[in-house]
>>> print(open('input.tsv').read())   # TSV, C-alpha atoms
chain	number	residue	atom	x	y	z
A	293	MET	CA	116.77	87.38	170.80
A	294	ASN	CA	117.81	84.11	169.20
A	295	SER	CA	115.28	84.44	166.35
A	296	ARG	CA	116.50	87.99	165.67
A	297	MET	CA	120.10	86.76	165.51
A	298	HIS	CA	119.05	83.98	163.14
A	299	ARG	CA	117.36	86.50	160.86
A	300	ARG	CA	120.45	88.73	160.89
A	301	SER	CA	122.64	85.74	160.09
A	302	ALA	CA	120.38	84.69	157.23
A	303	ILE	CA	120.30	88.21	155.81
A	304	GLY	CA	124.05	88.53	156.15
A	305	PHE	CA	124.58	85.22	154.39
A	306	LEU	CA	122.26	86.23	151.54
A	307	LEU	CA	124.02	89.57	151.08
A	308	ALA	CA	127.36	87.86	151.13
A	309	CYS	CA	126.25	85.48	148.39
A	310	LEU	CA	124.81	88.24	146.24
A	311	LEU	CA	127.83	90.48	146.65
A	312	GLY	CA	130.32	87.72	146.12
A	313	LEU	CA	131.68	88.11	149.65
A	314	GLY	CA	130.53	84.80	151.06
A	315	SER	CA	132.46	81.59	151.33
A	316	VAL	CA	130.10	79.71	149.01
A	317	ALA	CA	131.91	78.63	145.83
A	318	SER	CA	130.43	79.21	142.37
A	319	ALA	CA	129.89	75.47	142.09
A	320	ASP	CA	127.34	75.81	144.86
A	321	THR	CA	125.21	78.38	142.99
A	322	PRO	CA	121.68	76.99	142.88
A	323	PRO	CA	120.24	76.19	139.43
A	324	TYR	CA	117.59	78.92	139.60
A	325	MET	CA	120.36	81.56	139.86
A	326	LYS	CA	122.44	80.44	136.89
A	327	MET	CA	120.32	82.33	134.38
A	328	LEU	CA	120.98	85.56	136.30
A	329	VAL	CA	124.67	85.19	137.11
A	330	GLY	CA	125.88	83.22	134.11
A	331	HIS	CA	129.08	84.28	132.41
A	332	PRO	CA	128.81	83.67	128.66
A	333	ALA	CA	132.03	82.95	126.86
A	334	THR	CA	133.50	85.89	124.96
A	335	THR	CA	136.70	86.97	123.25
A	336	LYS	CA	138.77	90.12	123.23
A	337	ALA	CA	137.73	90.74	119.64
A	338	ALA	CA	134.04	90.48	120.54
A	339	THR	CA	134.54	92.87	123.46
A	340	ALA	CA	136.35	95.36	121.22
A	341	GLU	CA	133.59	95.08	118.63
A	342	GLN	CA	130.88	95.86	121.16
A	343	ASN	CA	132.84	98.75	122.65
A	344	LEU	CA	133.24	100.33	119.23
A	345	LEU	CA	129.60	99.81	118.26
A	346	ASN	CA	128.49	101.31	121.56
A	347	LEU	CA	129.94	104.64	120.46
A	348	ASP	CA	127.39	104.92	117.66
A	349	ILE	CA	124.54	103.71	119.86
A	350	SER	CA	125.42	106.26	122.53
A	351	MET	CA	125.65	109.09	119.99
A	352	PHE	CA	122.05	108.63	118.95
A	353	GLY	CA	120.95	108.65	122.58
A	354	PHE	CA	122.75	111.94	123.21
A	355	TYR	CA	121.34	113.28	119.94
A	356	ASP	CA	117.77	112.51	120.97
A	357	ASP	CA	118.29	114.18	124.34
A	358	SER	CA	119.61	117.37	122.72
A	359	LEU	CA	116.90	117.40	120.06
A	360	ARG	CA	114.26	118.58	122.51
A	361	THR	CA	116.34	121.62	123.35
A	362	PHE	CA	117.10	122.29	119.67
A	363	GLN	CA	113.40	122.18	118.78
A	364	LYS	CA	112.48	124.54	121.61
A	365	ASN	CA	115.14	127.00	120.45
A	366	LEU	CA	114.09	126.70	116.79
A	367	LEU	CA	110.46	127.52	117.51
A	368	ALA	CA	111.50	130.37	119.81
A	369	GLN	CA	113.48	132.03	117.02
A	370	HIS	CA	111.76	131.13	113.74
A	371	PRO	CA	108.22	131.06	112.37
A	372	VAL	CA	107.33	127.66	110.90
A	373	ILE	CA	104.58	126.71	108.46
A	374	LEU	CA	103.63	123.06	108.31
A	375	ALA	CA	101.68	122.08	105.19
A	376	LEU	CA	100.61	118.49	105.76
A	377	PHE	CA	98.88	116.18	103.31
A	378	THR	CA	95.33	115.18	104.31
A	379	ASN	CA	92.40	113.62	102.51
A	380	GLY	CA	90.64	116.97	102.84
A	381	GLY	CA	93.19	118.86	100.75
A	382	GLY	CA	95.82	119.62	103.35
A	383	ALA	CA	96.25	121.03	106.85
A	384	PHE	CA	98.30	124.21	107.30
A	385	THR	CA	99.56	125.33	110.71
A	386	LEU	CA	101.55	128.47	111.53
A	387	TYR	CA	103.94	128.44	114.49
A	388	ARG	CA	105.15	131.84	115.69
A	389	PRO	CA	107.70	132.47	118.44
A	390	GLY	CA	106.00	133.03	121.77
A	391	MET	CA	102.51	132.46	120.38
A	392	ALA	CA	100.05	129.57	120.17
A	393	PRO	CA	99.96	127.67	116.85
A	394	VAL	CA	97.35	128.83	114.33
A	395	ALA	CA	95.52	126.20	112.28
A	396	ALA	CA	94.18	127.48	108.96
A	397	LYS	CA	90.62	126.87	107.86
A	398	PRO	CA	90.32	123.68	105.79
A	399	VAL	CA	89.81	123.57	102.05
A	400	PRO	CA	86.10	124.06	101.16
A	401	VAL	CA	84.31	120.72	101.35
A	402	VAL	CA	83.32	120.88	97.66
A	403	TYR	CA	86.93	119.86	96.98
A	404	GLN	CA	86.18	116.54	98.67
A	405	TYR	CA	82.89	116.18	96.77
A	406	LEU	CA	84.70	116.44	93.45
A	407	LYS	CA	87.51	114.13	94.48
A	408	SER	CA	85.20	111.58	96.07
A	409	VAL	CA	83.07	111.24	92.95
A	410	ALA	CA	86.18	110.79	90.81
A	411	HIS	CA	87.51	108.17	93.24
A	412	ALA	CA	84.20	106.30	93.02
A	413	THR	CA	84.98	105.39	89.41
A	414	MET	CA	88.46	104.22	90.36
A	415	ALA	CA	86.93	102.07	93.09
A	416	ILE	CA	84.97	100.15	90.45
A	417	PHE	CA	88.21	99.40	88.61
A	418	GLU	CA	89.80	98.12	91.85
A	419	ILE	CA	86.81	95.82	92.49
A	420	ALA	CA	86.66	94.49	88.94
A	421	ALA	CA	90.30	94.20	87.86
A	422	PRO	CA	91.25	91.01	89.78
A	423	HIS	CA	88.24	89.10	88.39
A	424	LEU	CA	88.14	89.97	84.69
A	425	ASP	CA	86.67	87.54	82.16
A	426	ASN	CA	86.16	84.80	84.74
A	427	PRO	CA	82.46	83.84	85.05
A	428	ASN	CA	83.37	81.14	87.60
A	429	ASP	CA	84.75	83.81	89.94
A	430	GLN	CA	81.89	85.59	91.71
A	431	ALA	CA	83.92	87.10	94.57
A	432	TRP	CA	83.50	90.59	93.08
A	433	ARG	CA	79.70	90.61	93.30
A	434	LEU	CA	79.38	91.35	97.02
A	435	PRO	CA	81.75	94.37	97.10
A	436	MET	CA	80.31	95.70	93.84
A	437	THR	CA	76.75	95.37	95.18
A	438	ALA	CA	77.77	97.31	98.30
A	439	ASP	CA	79.54	99.93	96.18
A	440	ARG	CA	76.47	100.24	93.97
A	441	ALA	CA	74.30	101.02	96.99
A	442	GLU	CA	76.68	103.77	98.12
A	443	THR	CA	76.80	105.20	94.61
A	444	LYS	CA	73.00	105.22	94.39
A	445	ASN	CA	72.74	107.02	97.75
A	446	ALA	CA	75.22	109.67	96.61
A	447	LEU	CA	73.38	110.18	93.33
A	448	ASP	CA	69.97	110.43	95.03
A	449	THR	CA	71.18	113.20	97.38
A	450	LEU	CA	73.45	115.02	94.92
A	451	ASP	CA	71.04	117.92	94.46
A	452	ASP	CA	71.31	118.76	98.15
A	453	ALA	CA	75.10	119.23	97.99
A	454	ASP	CA	76.38	122.80	97.71
A	455	MET	CA	78.24	123.17	94.42
A	456	THR	CA	77.93	125.01	91.13
A	457	PRO	CA	75.39	123.60	88.62
A	458	GLU	CA	78.11	122.69	86.12
A	459	TRP	CA	80.05	120.73	88.71
A	460	ARG	CA	76.89	118.99	89.93
A	461	ASP	CA	75.92	117.97	86.40
A	462	ASN	CA	79.37	116.52	85.79
A	463	CYS	CA	79.24	114.56	89.04
A	464	ARG	CA	75.78	113.29	88.11
A	465	THR	CA	77.09	112.01	84.79
A	466	ILE	CA	79.98	110.20	86.47
A	467	LEU	CA	77.79	108.55	89.08
A	468	THR	CA	75.12	107.59	86.51
A	469	ASN	CA	77.74	105.97	84.29
A	470	ASN	CA	79.13	104.14	87.32
A	471	LEU	CA	75.71	102.68	88.10
A	472	ALA	CA	75.13	101.62	84.49
A	473	PHE	CA	78.45	99.76	84.34
A	474	MET	CA	77.87	97.98	87.65
A	475	ASP	CA	74.31	97.01	86.72
A	476	ALA	CA	75.49	95.54	83.42
A	477	ALA	CA	78.26	93.55	85.08
A	478	LEU	CA	76.01	92.24	87.83
A	479	ALA	CA	73.38	91.22	85.27
A	480	ALA	CA	75.96	89.39	83.15
A	481	ASN	CA	77.58	87.71	86.17
A	482	VAL	CA	80.99	88.56	84.73
A	483	VAL	CA	83.26	91.59	84.46
A	484	GLN	CA	84.54	91.78	80.91
A	485	TRP	CA	87.77	93.50	79.96
A	486	ASP	CA	86.30	95.06	76.82
A	487	ALA	CA	83.44	96.53	78.84
A	488	LEU	CA	85.84	97.89	81.45
A	489	GLN	CA	87.96	99.55	78.75
A	490	LYS	CA	84.90	101.22	77.19
A	491	PHE	CA	83.75	102.36	80.62
A	492	ALA	CA	87.14	103.94	81.35
A	493	ALA	CA	87.17	105.76	78.01
A	494	GLN	CA	83.64	106.99	78.62
A	495	GLN	CA	84.48	108.42	82.04
A	496	LYS	CA	87.83	109.97	81.14
A	497	PRO	CA	86.65	113.47	80.08
A	498	TYR	CA	84.30	113.79	83.05
A	499	LEU	CA	86.96	112.66	85.52
A	500	ALA	CA	89.40	115.17	84.03
A	501	LYS	CA	86.95	117.99	84.74
A	502	ASN	CA	86.50	116.98	88.37
A	503	ILE	CA	90.24	116.76	88.86
A	504	SER	CA	90.79	120.19	87.33
A	505	TRP	CA	88.07	121.86	89.42
A	506	ALA	CA	89.25	120.21	92.64
A	507	ALA	CA	92.82	121.38	92.03
A	508	LYS	CA	91.62	124.96	91.52
A	509	VAL	CA	89.61	124.93	94.75
A	510	GLN	CA	92.58	123.58	96.69
A	511	VAL	CA	95.18	125.94	95.22
A	512	ASP	CA	93.03	129.06	95.50
A	513	HIS	CA	92.36	128.34	99.16
A	514	TRP	CA	95.96	127.77	100.21
A	515	MET	CA	97.32	130.65	98.14
A	516	GLU	CA	94.99	132.94	100.09
A	517	VAL	CA	96.01	131.44	103.44
A	518	VAL	CA	99.76	131.73	102.85
A	519	ALA	CA	99.40	135.25	101.46
A	520	GLY	CA	97.71	136.31	104.69
A	521	TRP	CA	100.33	134.66	106.87
A	522	LYS	CA	103.20	136.21	104.95
A	523	ALA	CA	101.67	139.67	105.37
A	524	ALA	CA	101.11	139.05	109.09
A	525	LEU	CA	104.72	137.92	109.64
A	526	GLY	CA	106.13	140.98	107.90
A	527	SER	CA	109.91	141.23	108.20
A	528	SER	CA	110.14	137.94	110.11
A	529	TRP	CA	109.09	136.08	106.94
A	530	LYS	CA	112.76	135.96	105.93
A	531	ASP	CA	113.41	133.76	108.99
A	532	ALA	CA	110.45	131.44	108.41
A	533	TYR	CA	110.67	127.74	107.55
A	534	GLY	CA	108.10	125.97	105.38
A	535	VAL	CA	107.73	122.19	105.39
A	536	SER	CA	105.45	119.80	103.55
A	537	ASN	CA	105.30	116.01	103.36
A	538	SER	CA	104.87	113.57	100.50
A	539	ILE	CA	104.97	109.91	99.61
A	540	TYR	CA	106.47	108.78	96.31
A	541	VAL	CA	103.38	109.18	94.15
A	542	THR	CA	102.66	112.75	95.31
A	543	LYS	CA	106.23	114.03	95.16
A	544	GLN	CA	106.19	115.09	91.51
A	545	ASN	CA	104.29	118.38	91.12
A	546	ASN	CA	103.55	118.35	94.84
A	547	ILE	CA	100.67	120.80	95.30
A	548	LEU	CA	101.29	122.02	98.84
A	549	LEU	CA	105.02	122.54	98.35
A	550	SER	CA	104.36	124.33	95.06
A	551	VAL	CA	101.95	126.73	96.77
A	552	LEU	CA	104.50	127.52	99.49
A	553	ALA	CA	107.21	128.02	96.85
A	554	GLN	CA	105.29	130.91	95.29
A	555	TYR	CA	105.77	132.88	98.51
A	556	PHE	CA	109.10	131.56	99.79
A	557	GLY	CA	110.84	131.96	96.42
A	558	ARG	CA	113.63	130.05	94.73
A	559	ASP	CA	116.38	130.98	97.17
A	560	ALA	CA	114.48	129.35	100.02
A	561	MET	CA	114.06	125.99	98.29
A	562	ASN	CA	115.88	123.29	100.27
A	563	THR	CA	117.21	125.86	102.73
A	564	ARG	CA	114.09	127.22	104.44
A	565	LEU	CA	111.49	125.43	102.31
A	566	MET	CA	111.63	121.64	102.43
A	567	LEU	CA	109.73	118.55	101.30
A	568	PHE	CA	110.02	115.56	103.61
A	569	GLU	CA	109.20	112.14	102.22
A	570	THR	CA	107.06	109.96	104.49
A	571	THR	CA	105.93	106.37	104.26
A	572	ASN	CA	102.24	107.20	104.59
A	573	PHE	CA	100.08	109.88	102.99
A	574	SER	CA	99.46	111.51	106.35
A	575	THR	CA	101.80	112.23	109.24
A	576	THR	CA	101.74	114.24	112.46
A	577	ALA	CA	102.84	117.78	113.21
A	578	ASP	CA	105.13	116.48	115.97
A	579	ALA	CA	106.92	114.13	113.56
A	580	MET	CA	107.41	116.91	111.00
A	581	LEU	CA	108.73	119.37	113.59
A	582	GLU	CA	111.17	116.73	114.79
A	583	LEU	CA	112.40	116.15	111.23
A	584	LEU	CA	112.78	119.89	110.64
A	585	THR	CA	114.73	120.24	113.89
A	586	ARG	CA	117.05	117.39	112.93
A	587	VAL	CA	117.80	118.95	109.55
A	588	VAL	CA	118.47	122.44	110.89
A	589	ALA	CA	120.48	121.20	113.90
A	590	ASP	CA	122.68	118.98	111.71
A	591	ARG	CA	123.57	121.97	109.56
A	592	SER	CA	125.50	123.45	112.48
A	593	VAL	CA	127.45	120.19	112.70
A	594	GLY	CA	128.41	120.47	109.05
A	595	GLN	CA	129.56	124.06	109.52
A	596	ALA	CA	131.50	123.33	112.71
A	597	PHE	CA	133.37	120.27	111.44
A	598	PHE	CA	133.62	120.79	107.68
A	599	GLY	CA	133.02	124.50	107.10
A	600	ASN	CA	129.82	124.05	105.07
A	601	TYR	CA	126.40	124.79	106.54
A	602	TYR	CA	124.40	122.59	104.15
A	603	LEU	CA	126.76	119.60	103.97
A	604	MET	CA	124.64	117.51	106.33
A	605	ASP	CA	121.55	117.92	104.12
A	606	TYR	CA	123.24	115.35	101.87
A	607	GLU	CA	124.29	111.76	102.44
A	608	LEU	CA	127.53	112.38	104.35
A	609	MET	CA	129.41	109.55	102.65
A	610	GLY	CA	127.64	110.13	99.35
A	611	GLY	CA	130.50	111.94	97.63
A	612	ASP	CA	133.07	109.30	98.53
A	613	ALA	CA	130.58	106.53	97.77
A	614	ARG	CA	129.99	108.14	94.38
A	615	ASN	CA	133.70	107.88	93.60
A	616	ALA	CA	133.74	104.31	94.86
A	617	ILE	CA	130.75	103.39	92.64
A	618	ILE	CA	132.45	104.91	89.59
A	619	ALA	CA	135.63	102.98	90.31
A	620	ALA	CA	133.77	99.73	91.03
A	621	ALA	CA	131.62	100.05	87.91
A	622	LYS	CA	134.59	100.68	85.64
A	623	LYS	CA	136.42	97.73	87.19
A	624	ARG	CA	133.48	95.56	86.18
A	625	GLY	CA	133.28	97.00	82.67
A	626	MET	CA	130.11	98.97	83.44
A	627	THR	CA	129.23	102.55	82.56
A	628	PRO	CA	128.47	104.41	85.81
A	629	TYR	CA	124.87	105.68	86.01
A	630	LEU	CA	124.58	108.44	88.58
A	631	PRO	CA	122.68	111.71	89.04
A	632	PRO	CA	124.46	115.01	88.40
A	633	LEU	CA	126.82	116.15	91.12
A	634	VAL	CA	125.05	119.20	92.59
A	635	PRO	CA	126.50	121.66	95.09
A	636	PHE	CA	125.55	121.67	98.75
A	637	GLY	CA	122.70	124.10	99.28
A	638	SER	CA	121.23	123.58	95.80
A	639	HIS	CA	117.92	125.38	95.22
A	640	ASP	CA	116.65	122.84	92.68
A	641	TRP	CA	113.19	121.40	93.18
A	642	PRO	CA	113.23	118.16	95.21
A	643	MET	CA	111.63	116.29	92.31
A	644	ARG	CA	112.25	115.49	88.63
A	645	THR	CA	113.16	118.63	86.71
A	646	THR	CA	114.81	117.35	83.53
A	647	ALA	CA	112.68	118.16	80.51
A	648	GLY	CA	111.84	115.38	78.10
A	649	SER	CA	109.35	114.21	75.51
A	650	GLY	CA	105.91	112.84	76.27
A	651	PRO	CA	102.86	114.08	78.20
A	652	GLY	CA	103.30	115.60	81.63
A	653	SER	CA	99.70	116.34	82.59
A	654	ILE	CA	96.20	115.01	82.04
A	655	GLU	CA	95.63	117.90	79.64
A	656	ASP	CA	98.58	116.70	77.55
A	657	LEU	CA	96.94	113.30	77.21
A	658	HIS	CA	93.95	114.68	75.28
>>> encode(input="input.tsv", output="structure tokens")
Amino acid sequence: MNSRMHRRSAIGFLLACLLGLGSVASADTPPYMKMLVGHPATTKAATAEQNLLNLDISMFGFYDDSLRTFQKNLLAQHPVILALFTNGGGAFTLYRPGMAPVAAKPVPVVYQYLKSVAHATMAIFEIAAPHLDNPNDQAWRLPMTADRAETKNALDTLDDADMTPEWRDNCRTILTNNLAFMDAALAANVVQWDALQKFAAQQKPYLAKNISWAAKVQVDHWMEVVAGWKAALGSSWKDAYGVSNSIYVTKQNNILLSVLAQYFGRDAMNTRLMLFETTNFSTTADAMLELLTRVVADRSVGQAFFGNYYLMDYELMGGDARNAIIAAAKKRGMTPYLPPLVPFGSHDWPMRTTAGSGPGSIEDLH
């Protein structure tokens, strides 16, 4: 009985300490507890600052919670086509309300043959460029020797690859020229700038052919896929969303978006047809669906609060910031340099569209 009473007393004392109900003063708090119950100094201003900032932090938490419901509702009411960048020429997926997603067949593998052979020449440039005209620098020899072996393997088995004779002959020329350049550099123990320039000029017309043929294979395939999906969706096509992704260097003349645009039409651009910029070439379907949901959900916010459905597609403070930049620039004696002020819901392409002088394609460079 006594031991039980002692245990109860000990437990009661501990609870009293933890709950602040005991008679032990704060000065008696043991050192190992100070890290847990310390009271850092603060000010009213710091408290007010944190309370205000918490409003923004909380909003994003609520937003993320609601986003799952928004996405579920979006996919239950609208067809969605995701056209994602891949090394194989793209991956298209059709989402239809109440049905399992449909993944399209990939681009014929000959597309990758043509692109891979063209990239092989660029790989030589990447190996050689940091070591030009420096016979004391032999760091390039090992990677070039490895690259030469891969090139030789590809050339030796080229006849077994399924492609048209003209395409095969062009690939053979590219790979043969690659080998000749690497052999000459390895024999000379130096990569010379003049030799690299001549090599690039030699390969240019052959590379241009591979690029042109690969683009045709890719475009023809996806045009056929989207045509079939549009026919299958019938009247619900008008409710469909199309989304593609791009990094900076593939934004201009983006192939997948351009294919979708032929079927969605101008009026859908930036409203139901969108290009999302990503930090990597490839992304995931889940990430793209989340971005699409955020864009569409925010449009309702713009309509509810400001009376414009597409307001939130734009930087919310952008208009006022534009005025502030103009005022600040003039105050400093500068001429403001800003893009044209376009209306909310603009159907312009999400890329450079202002005409100018100079070449705009490889064909123009000839």
>>> closest_residue(input="input.tsv", among="A:Arg644, A:His423, A:Arg558, A:Arg564", to="A:Val372", atoms="all atoms listed in the file")
A:Arg564
>>> closest_residue(input="input.tsv", among="A:Thr563, A:Ser550, A:Asn379, A:Thr385", to="A:Val517", atoms="all atoms listed in the file")
A:Thr385
>>> closest_residue(input="input.tsv", among="A:Gly557, A:Leu345, A:Ala383, A:Gln363", to="A:Gln510", atoms="all atoms listed in the file")
A:Ala383
>>> closest_residue(input="input.tsv", among="A:Leu447, A:Ala375, A:Ala507, A:Leu347", to="A:Gly534", atoms="all atoms listed in the file")
A:Ala375
>>> atom_distance(input="input.tsv", atom1="atom CA of A:Ser638", atom2="atom CA of A:Glu607")
13.9 Å
>>> atom_distance(input="input.tsv", atom1="atom CA of A:Met436", atom2="atom CA of A:Phe491")
15.2 Å
>>> closest_residue(input="input.tsv", among="A:Leu608, A:Cys463, A:Lys364, A:Ile617", to="A:Ser408", atoms="all atoms listed in the file")
A:Cys463
>>> residues_around(input="input.tsv", residues="A:Leu548", least_positions_apart="4", cutoff="8 Å", atoms="all atoms listed in the file", output="ChimeraX atom specification")
/A:375-377,382,514,536,552
>>> closest_residue(input="input.tsv", among="A:Thr449, A:Ser527, A:Asn546, A:Gln494", to="A:Val511", atoms="all atoms listed in the file")
A:Asn546
>>> atom_distance(input="input.tsv", atom1="atom CA of A:Asp559", atom2="atom CA of A:Leu386")
20.8 Å
>>> residues_around(input="input.tsv", residues="A:Asp475", least_positions_apart="2", cutoff="12 Å", atoms="all atoms listed in the file", output="list in words")
Ile416, Arg433, Met436, Thr437, Asp439, Arg440, Ala441, Thr443, Lys444, Thr468, Asn469, Asn470, Leu471, Ala472, Phe473, Ala477, Leu478, Ala479, Ala480, Asn481, Val482 and Val483 of chain A
>>> closest_atom_pairs(input="input.tsv", of="stretch 314-401 of chain A", to="stretch 582-602 of chain A", cutoff="9 Å", atoms="only C-alpha atoms", output="tab-separated table")
residue	atom	partner	partner_atom	distance
A:Leu359	CA	A:Thr585	CA	7.1
A:Arg360	CA	A:Glu582	CA	8.5
A:Phe362	CA	A:Thr585	CA	6.6
A:Gln363	CA	A:Thr585	CA	5.4
A:Leu366	CA	A:Thr585	CA	7.1
